[in-house]
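Colleague: Sharing upload21.cif, mmCIF, C-alpha atoms:
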data_start
#
loop_
_atom_site.label_atom_id
_atom_site.label_comp_id
_atom_site.auth_asym_id
_atom_site.auth_seq_id
_atom_site.Cartn_x
_atom_site.Cartn_y
_atom_site.Cartn_z
CA MET A 13 -108.19 23.20 -25.86
CA ARG A 14 -111.72 22.03 -25.23
CA ARG A 15 -113.09 25.54 -25.04
CA PRO A 16 -111.04 28.04 -27.01
CA LEU A 17 -110.65 31.57 -25.76
CA ALA A 18 -113.22 34.00 -27.09
CA ARG A 19 -110.83 35.98 -29.25
CA ALA A 20 -113.58 38.39 -30.26
CA HIS A 21 -113.85 39.47 -26.64
CA LEU A 22 -110.19 40.40 -26.26
CA VAL A 23 -109.87 44.07 -25.48
CA VAL A 24 -107.01 46.45 -24.96
CA ALA A 25 -107.28 47.24 -21.27
CA PRO A 26 -104.94 48.00 -18.38
CA LEU A 27 -104.47 45.38 -15.68
CA VAL A 28 -107.49 45.21 -13.41
CA ALA A 29 -107.03 47.28 -10.27
CA ARG A 30 -107.32 45.89 -6.78
CA GLY A 31 -110.57 46.40 -4.92
CA LEU A 32 -113.06 45.62 -7.70
CA ALA A 33 -114.94 43.01 -5.68
CA LEU A 34 -118.00 45.15 -5.09
CA THR A 35 -118.30 46.55 -8.61
CA LEU A 36 -118.02 43.07 -10.14
CA GLY A 37 -120.95 41.69 -8.19
CA VAL A 38 -119.12 39.46 -5.73
CA PRO A 39 -121.37 38.05 -2.95
CA ALA A 40 -121.58 40.12 0.21
CA GLY A 41 -119.55 37.56 2.13
CA LEU A 42 -116.55 38.43 -0.04
CA ALA A 43 -117.02 42.19 -0.03
CA GLY A 44 -114.33 42.70 2.59
CA LEU A 45 -111.68 40.76 0.70
CA VAL A 46 -109.37 43.16 -1.07
CA GLY A 47 -107.28 42.40 -4.13
CA LEU A 48 -108.82 39.15 -5.37
CA THR A 49 -112.38 38.59 -6.50
CA GLY A 50 -114.87 35.83 -7.01
CA CYS A 51 -113.31 32.39 -6.83
CA HIS A 52 -110.16 33.61 -5.10
CA LEU A 53 -109.45 34.59 -1.53
CA SER A 54 -107.30 37.34 -0.07
CA GLY A 55 -103.97 35.86 0.97
CA SER A 56 -103.73 33.34 -1.85
CA PRO A 57 -100.69 33.50 -4.13
CA ALA A 58 -101.06 36.33 -6.62
CA ALA A 59 -102.30 35.10 -9.98
CA PRO A 60 -101.53 35.26 -12.81
CA ARG A 61 -98.02 34.29 -11.85
CA THR A 62 -94.96 32.51 -13.10
CA ALA A 63 -94.15 28.96 -12.13
CA GLU A 64 -90.98 27.10 -11.27
CA ALA A 65 -89.29 25.49 -14.28
CA VAL A 66 -90.17 21.87 -13.60
CA VAL A 67 -91.22 18.93 -15.73
CA PRO A 68 -95.06 18.96 -15.84
CA ALA A 69 -96.69 16.12 -13.94
CA SER A 70 -98.34 14.94 -17.15
CA ARG A 71 -94.94 14.32 -18.75
CA PRO A 72 -92.55 11.91 -16.98
CA ALA A 73 -89.10 13.23 -16.22
CA ASP A 74 -86.14 11.56 -17.85
CA ALA A 75 -82.41 11.76 -17.31
CA SER A 76 -81.73 13.80 -20.43
CA ARG A 77 -84.26 16.52 -19.52
CA ASN A 78 -83.11 16.69 -15.92
CA GLY A 79 -79.50 16.78 -17.04
CA ALA A 80 -80.25 19.63 -19.43
CA ALA A 81 -81.92 21.60 -16.66
CA GLU A 82 -78.97 21.07 -14.31
CA GLU A 83 -76.57 22.17 -17.05
CA ALA A 84 -78.67 25.27 -17.69
CA ALA A 85 -78.69 26.14 -14.00
CA GLY A 86 -74.91 25.82 -13.98
CA GLU A 87 -74.71 28.06 -17.02
CA ALA A 88 -76.81 30.70 -15.29
CA ARG A 89 -74.65 30.55 -12.19
CA ALA A 90 -71.50 30.86 -14.31
CA ALA A 91 -72.92 33.88 -16.12
CA GLY A 92 -73.75 35.55 -12.82
CA GLU A 93 -70.31 34.84 -11.41
CA GLU A 94 -68.62 36.24 -14.51
CA ARG A 95 -70.63 39.46 -14.28
CA ALA A 96 -69.66 39.65 -10.61
CA GLY A 97 -65.98 39.35 -11.52
CA ALA A 98 -65.42 35.62 -10.95
CA PRO A 99 -63.60 33.73 -13.74
CA ARG A 100 -65.78 31.66 -16.04
CA PRO A 101 -65.05 27.91 -15.78
CA ARG A 102 -62.94 26.70 -18.70
CA GLY A 103 -64.94 24.90 -21.37
CA THR A 104 -68.29 26.42 -20.39
CA PRO A 105 -70.30 27.08 -23.58
CA ARG A 106 -71.56 30.56 -24.22
CA THR A 107 -73.70 32.29 -26.78
CA ARG A 108 -73.67 35.91 -27.83
CA GLY A 109 -76.72 37.82 -26.54
CA ARG A 110 -77.75 41.43 -26.63
CA GLY A 111 -75.91 42.08 -23.36
CA GLY A 112 -72.75 40.19 -24.33
CA ASP A 113 -71.97 36.55 -23.61
CA GLU A 114 -75.02 34.59 -22.51
CA PRO A 115 -75.51 30.98 -21.43
CA SER A 116 -76.99 28.82 -24.16
CA CYS A 117 -79.79 26.28 -24.15
CA ALA A 118 -81.21 23.92 -26.72
CA ASP A 119 -83.72 22.02 -24.56
CA GLY A 120 -87.04 23.56 -23.57
CA LEU A 121 -86.70 22.76 -19.89
CA ALA A 122 -83.15 24.11 -19.83
CA CYS A 123 -84.30 27.37 -21.42
CA ALA A 124 -87.15 27.69 -18.92
CA THR A 125 -84.70 27.06 -16.07
CA LEU A 126 -82.45 29.83 -17.37
CA GLY A 127 -85.45 32.12 -17.67
CA ARG A 128 -86.36 31.46 -14.06
CA ALA A 129 -82.80 32.16 -12.97
CA TYR A 130 -82.81 35.54 -14.71
CA GLU A 131 -86.30 36.36 -13.46
CA THR A 132 -85.37 35.80 -9.82
CA GLY A 133 -81.71 36.93 -9.98
CA ILE A 134 -78.43 35.03 -10.22
CA ASN A 135 -75.85 34.86 -7.43
CA GLY A 136 -77.10 38.01 -5.76
CA GLN A 137 -77.39 39.91 -9.04
CA ALA A 138 -80.52 41.93 -9.72
CA PRO A 139 -83.31 40.14 -11.60
CA ASP A 140 -83.25 40.69 -15.36
CA PRO A 141 -86.83 40.25 -16.60
CA ALA A 142 -85.94 41.18 -20.19
CA ARG A 143 -83.46 38.30 -20.42
CA ALA A 144 -85.93 36.05 -18.62
CA LEU A 145 -88.47 36.81 -21.34
CA ASP A 146 -85.99 35.80 -24.04
CA TYR A 147 -85.38 32.41 -22.45
CA TYR A 148 -89.04 31.78 -21.63
CA LEU A 149 -89.99 32.52 -25.24
CA LYS A 150 -87.34 30.12 -26.53
CA ALA A 151 -88.58 27.48 -24.08
CA CYS A 152 -92.13 27.96 -25.34
CA ASP A 153 -90.97 27.73 -28.96
CA LEU A 154 -89.45 24.37 -27.94
CA GLU A 155 -92.89 23.27 -26.63
CA GLU A 156 -92.03 23.60 -22.92
CA SER A 157 -95.30 24.48 -21.19
CA THR A 158 -93.68 26.29 -18.26
CA GLY A 159 -91.94 28.66 -20.66
CA CYS A 160 -95.26 29.47 -22.34
CA ASN A 161 -96.94 30.10 -19.00
CA ASN A 162 -94.19 32.34 -17.67
CA TYR A 163 -93.77 34.27 -20.92
CA GLY A 164 -97.53 34.74 -21.23
CA TYR A 165 -97.85 35.94 -17.64
CA MET A 166 -95.03 38.46 -17.97
CA VAL A 167 -96.36 39.86 -21.26
CA LEU A 168 -99.92 40.03 -19.91
CA SER A 169 -98.71 41.84 -16.79
CA GLY A 170 -96.13 44.06 -18.48
CA VAL A 171 -93.12 42.63 -16.64
CA GLY A 172 -89.92 43.25 -18.58
CA THR A 173 -91.91 44.50 -21.57
CA ASP A 174 -94.96 46.55 -22.49
CA ALA A 175 -98.21 44.87 -21.43
CA ASP A 176 -99.98 43.11 -24.30
CA ALA A 177 -103.12 41.27 -23.22
CA ARG A 178 -103.81 39.58 -26.55
CA ARG A 179 -100.28 38.22 -26.92
CA GLY A 180 -100.00 37.26 -23.26
CA LEU A 181 -103.24 35.28 -23.30
CA ALA A 182 -102.25 33.56 -26.54
CA TYR A 183 -99.11 32.21 -24.90
CA LEU A 184 -101.02 31.22 -21.76
CA GLU A 185 -103.43 29.31 -23.99
CA LYS A 186 -100.52 27.50 -25.64
CA GLY A 187 -99.09 26.65 -22.23
CA CYS A 188 -102.45 25.29 -21.07
CA ASP A 189 -102.74 23.16 -24.21
CA LEU A 190 -99.23 21.81 -23.57
CA GLY A 191 -100.20 20.73 -20.06
CA SER A 192 -99.36 23.63 -17.76
CA GLY A 193 -101.95 23.74 -14.99
CA ALA A 194 -100.58 27.13 -13.96
CA ALA A 195 -101.32 28.52 -17.44
CA CYS A 196 -104.90 27.20 -17.34
CA HIS A 197 -105.32 28.76 -13.88
CA ASN A 198 -103.91 32.07 -15.08
CA ILE A 199 -106.35 32.19 -18.02
CA GLY A 200 -109.17 31.58 -15.55
CA PHE A 201 -107.91 34.40 -13.35
CA ALA A 202 -107.79 36.75 -16.34
CA TYR A 203 -111.42 35.97 -17.25
CA GLU A 204 -112.58 36.24 -13.66
CA ASN A 205 -110.94 39.63 -13.19
CA ALA A 206 -111.43 41.12 -16.69
CA GLN A 207 -107.67 41.21 -17.20
CA GLY A 208 -107.43 41.95 -20.91
CA VAL A 209 -110.74 40.18 -21.69
CA ALA A 210 -114.42 40.73 -20.97
CA ARG A 211 -115.27 39.25 -17.58
CA ASP A 212 -116.75 35.75 -17.89
CA VAL A 213 -116.89 33.67 -14.71
CA GLY A 214 -118.21 30.69 -16.69
CA VAL A 215 -115.02 30.55 -18.74
CA ALA A 216 -113.03 31.19 -15.56
CA ALA A 217 -114.59 28.17 -13.84
CA THR A 218 -113.93 26.02 -16.91
CA MET A 219 -110.27 27.00 -16.91
CA PHE A 220 -109.95 26.38 -13.17
CA ARG A 221 -111.37 22.90 -13.77
CA ARG A 222 -108.76 22.26 -16.46
CA ALA A 223 -106.05 23.46 -14.10
CA CYS A 224 -107.31 21.11 -11.39
CA GLU A 225 -107.36 18.20 -13.84
CA LEU A 226 -103.69 18.98 -14.50
CA ARG A 227 -103.01 18.72 -10.75
CA GLN A 228 -102.65 22.46 -10.19
CA ALA A 229 -103.74 22.73 -6.56
CA SER A 230 -104.62 26.42 -6.82
CA GLY A 231 -106.97 25.57 -9.70
CA CYS A 232 -108.79 23.03 -7.53
CA ARG A 233 -109.09 25.60 -4.76
CA ALA A 234 -110.43 28.26 -7.14
CA LEU A 235 -112.97 25.84 -8.62
CA GLY A 236 -114.05 24.83 -5.12
CA LEU A 237 -114.70 28.45 -4.27
CA CYS A 238 -116.64 28.91 -7.51
CA TYR A 239 -118.92 26.07 -6.40
CA HIS A 240 -119.13 27.46 -2.87
CA TYR A 241 -120.36 30.86 -4.08
CA GLY A 242 -122.12 29.74 -7.28
CA LEU A 243 -119.84 31.72 -9.59
CA GLY A 244 -119.77 30.38 -13.15
CA VAL A 245 -121.24 27.07 -11.95
CA THR A 246 -124.36 26.02 -10.08
CA LEU A 247 -123.90 26.53 -6.35
CA ASP A 248 -123.01 23.14 -4.87
CA ARG A 249 -121.51 23.01 -1.38
CA VAL A 250 -120.72 19.29 -1.74
CA GLN A 251 -118.67 19.85 -4.89
CA ALA A 252 -117.10 22.87 -3.24
CA ARG A 253 -115.70 20.64 -0.51
CA VAL A 254 -114.58 18.01 -3.02
CA PHE A 255 -112.43 20.49 -4.93
CA LEU A 256 -111.24 22.40 -1.88
CA ARG A 257 -110.06 19.09 -0.44
CA LYS A 258 -108.24 18.31 -3.69
CA GLY A 259 -106.54 21.67 -3.47
CA CYS A 260 -105.64 21.14 0.17
CA GLU A 261 -104.25 17.67 -0.49
CA GLY A 262 -102.27 19.13 -3.38
CA GLY A 263 -100.53 21.56 -1.04
CA ASP A 264 -102.65 24.72 -1.34
CA SER A 265 -102.77 26.13 2.19
CA VAL A 266 -105.62 28.55 1.40
CA ALA A 267 -107.80 25.60 0.36
CA CYS A 268 -107.04 23.94 3.70
CA GLU A 269 -107.94 27.11 5.59
CA LYS A 270 -111.20 27.51 3.68
CA LEU A 271 -112.17 23.88 4.35
CA GLU A 272 -111.63 24.43 8.06
CA GLU A 273 -113.55 27.70 7.94
CA ILE A 274 -116.69 26.33 6.26
CA GLY A 275 -116.68 23.11 8.28
CA PRO A 276 -118.70 19.98 7.51
CA LEU A 277 -122.05 20.01 5.76
CA PRO A 278 -124.99 20.40 8.16
CA SER A 279 -126.88 17.22 8.97
CA PRO A 280 -130.00 16.69 6.81
#
Could you write out this structure as structure tokens?
Modeller:
Amino acid sequence: MRRPLARAHLVVAPLVARGLALTLGVPAGLAGLVGLTGCHLSGSPAAPRTAEAVVPASRPADASRNGAAEEAAGEARAAGEERAGAPRPRGTPRTRGRGGDEPSCADGLACATLGRAYETGINGQAPDPARALDYYLKACDLEESTGCNNYGYMVLSGVGTDADARRGLAYLEKGCDLGSGAACHNIGFAYENAQGVARDVGVAATMFRRACELRQASGCRALGLCYHYGLGVTLDRVQARVFLRKGCEGGDSVACEKLEEIGPLPSP
């Protein structure tokens, strides 16, 4: 990581509450936006957040990884069907977990896919965040960036476990280093909103830039807004439009809306 997290600034703190925009010195134009501060806009996807288990854009997909993910998804479906009373397909591998028989995985992407299945629920079954954490951690141990991001987010936010800011941020940092734009974005969000660390919009902007470089559209949008309001970077409306456009072209609808809202630069 080009700029390591300031470990000395890590503090034990509860998750930042909504509505801190005014107390954190956000420009008056953002004072009415509730829930997200600084470089974010109300209505954008909540961040930090987990990401779909996909092969990062920086690492080309190959048949073996895709095949492992498909096998893992099938394993998750089989586990859900068995819990619902359906017979398990003959020959399906299983591994003993704390709740009984569990689908197995040996590939990082496959483990992350299983984690996502348990996080969101399998075949109508209730989500199981504790099992999701197990699979995300295994995925991260196998150097799968999505697993690191999702595990770090859940630990930071106290989903399926007690909140632990230091541990959560450490796993987000590992995910960012492994190429997860979502993890870089989530670190930026934590610094912007004092979520387990001292607020530092300069570090936040740096992490949003890294996320954008990794083709995370929400990171481009957040960096564009930092430039638009001069948060953590020198105010630059030209650069704001450059990064908002990158976010929009990457599929971030909030970036598109903001571009339309601010319109073109005034004529000199």
Colleague: Have a look at A:Leu126, A:Val213, A:Val250, A:Ala202 and name the one nearest to Cys238 in chain A; count all atoms listed in the file.
Modeller: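 The closest residue to Cys238 in chain A is A:Val213.
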Colleague: State, in Å with one decimal place, the distance from CA of Val171 in chain A to CA of Glu114 in chain A.
Modeller: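 Computed distance, CA of Val171 in chain A to CA of Glu114 in chain A, equals 20.7 Å.
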Colleague: Calculated over only C-alpha atoms, which of the candidates A:Ala267, A:Cys152, A:Leu168, A:Met219 has the smallest distance to Lys186 in chain A?
Modeller: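 Smallest distance to Lys186 in chain A is found for A:Cys152.
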Colleague: So which one's closest to Lys150 in chain A, A:Arg179, A:Asp119, A:Cys188, A:Met166? Using only C-alpha atoms, please.
Modeller: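 Ranking A:Arg179, A:Asp119, A:Cys188, A:Met166 by distance to Lys150 in chain A, first place goes to A:Asp119.
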Colleague: I'd like the neighbourhood of Glu156 in chain A as a PDB file with C-alpha atoms, in the coordinates of the input, where a residue qualifies if any of its atoms comes within 12 Å (using all atoms listed in the file), though same-chain residues fewer than 5 positions away should be ignored.
Modeller:
ATOM      1  CA  ALA A  65     -89.290  25.490 -14.280  1.00  0.00           C
ATOM      2  CA  VAL A  66     -90.170  21.870 -13.600  1.00  0.00           C
ATOM      3  CA  VAL A  67     -91.220  18.930 -15.730  1.00  0.00           C
ATOM      4  CA  PRO A  68     -95.060  18.960 -15.840  1.00  0.00           C
ATOM      5  CA  ARG A  71     -94.940  14.320 -18.750  1.00  0.00           C
ATOM      6  CA  ARG A  77     -84.260  16.520 -19.520  1.00  0.00           C
ATOM      7  CA  ALA A 118     -81.210  23.920 -26.720  1.00  0.00           C
ATOM      8  CA  ASP A 119     -83.720  22.020 -24.560  1.00  0.00           C
ATOM      9  CA  GLY A 120     -87.040  23.560 -23.570  1.00  0.00           C
ATOM     10  CA  LEU A 121     -86.700  22.760 -19.890  1.00  0.00           C
ATOM     11  CA  ALA A 122     -83.150  24.110 -19.830  1.00  0.00           C
ATOM     12  CA  CYS A 123     -84.300  27.370 -21.420  1.00  0.00           C
ATOM     13  CA  ALA A 124     -87.150  27.690 -18.920  1.00  0.00           C
ATOM     14  CA  THR A 125     -84.700  27.060 -16.070  1.00  0.00           C
ATOM     15  CA  GLY A 127     -85.450  32.120 -17.670  1.00  0.00           C
ATOM     16  CA  TYR A 147     -85.380  32.410 -22.450  1.00  0.00           C
ATOM     17  CA  TYR A 148     -89.040  31.780 -21.630  1.00  0.00           C
ATOM     18  CA  LEU A 149     -89.990  32.520 -25.240  1.00  0.00           C
ATOM     19  CA  LYS A 150     -87.340  30.120 -26.530  1.00  0.00           C
ATOM     20  CA  ALA A 151     -88.580  27.480 -24.080  1.00  0.00           C
ATOM     21  CA  ASN A 161     -96.940  30.100 -19.000  1.00  0.00           C
ATOM     22  CA  ASN A 162     -94.190  32.340 -17.670  1.00  0.00           C
ATOM     23  CA  TYR A 163     -93.770  34.270 -20.920  1.00  0.00           C
ATOM     24  CA  TYR A 183     -99.110  32.210 -24.900  1.00  0.00           C
ATOM     25  CA  LEU A 184    -101.020  31.220 -21.760  1.00  0.00           C
ATOM     26  CA  LYS A 186    -100.520  27.500 -25.640  1.00  0.00           C
ATOM     27  CA  GLY A 187     -99.090  26.650 -22.230  1.00  0.00           C
ATOM     28  CA  CYS A 188    -102.450  25.290 -21.070  1.00  0.00           C
ATOM     29  CA  ASP A 189    -102.740  23.160 -24.210  1.00  0.00           C
ATOM     30  CA  LEU A 190     -99.230  21.810 -23.570  1.00  0.00           C
ATOM     31  CA  GLY A 191    -100.200  20.730 -20.060  1.00  0.00           C
ATOM     32  CA  SER A 192     -99.360  23.630 -17.760  1.00  0.00           C
ATOM     33  CA  ALA A 195    -101.320  28.520 -17.440  1.00  0.00           C
TER      34      ALA A 195
END
Colleague: If you count all atoms listed in the file, which residues fall within 12 Å of Gly231 in chain A, apart from same-chain ones fewer than 4 positions away, as a ChimeraX atom specification?
Modeller: /A:51-52,56-57,59-60,192-201,216-227,235-238,255-260,262-264,266-267
Colleague: Quote the spacing between CA of Asp174 in chain A and CA of Glu131 in chain A in Å to one decimal place.
Modeller: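 The value is 16.1 Å.
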Colleague: Expressed in Å to a single decimal, how great is the separation between CA of Cys268 in chain A and CA of Leu243 in chain A?
Modeller: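 CA of Leu243 in chain A lies 20.0 Å from CA of Cys268 in chain A.
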Colleague: Hey, what comes out of the PyMOL selection byres ((chain A and resi 141) around 8) on this file? Could you write it as a PyMOL selection string?
Modeller: chain A and resi 130-131+139-140+142-145+171-172
Colleague: Closest to Arg211 in chain A among A:Gly170, A:Gly244, A:Pro276, A:Gly159, using only C-alpha atoms?
Modeller: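 Between A:Gly170, A:Gly244, A:Pro276, A:Gly159, the residue approaching Arg211 in chain A most closely is A:Gly244.
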Colleague: Which protein, DNA or RNA residues have an atom at most 10 Å from (-102.7, 36.1, -25.1), counting only C-alpha atoms? List them as an MDAnalysis selection string.
Modeller: chainID A and resid 17 19 22 164:165 167:168 176:186 199 208:209
Colleague: Here is a test: counting all atoms listed in the file, which residue of A:Gln137, A:Glu261, A:Arg253, A:Tyr241 is nearest to Gly275 in chain A?
Modeller: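 Going through A:Gln137, A:Glu261, A:Arg253, A:Tyr241 one by one, the smallest distance to Gly275 in chain A is for A:Arg253.
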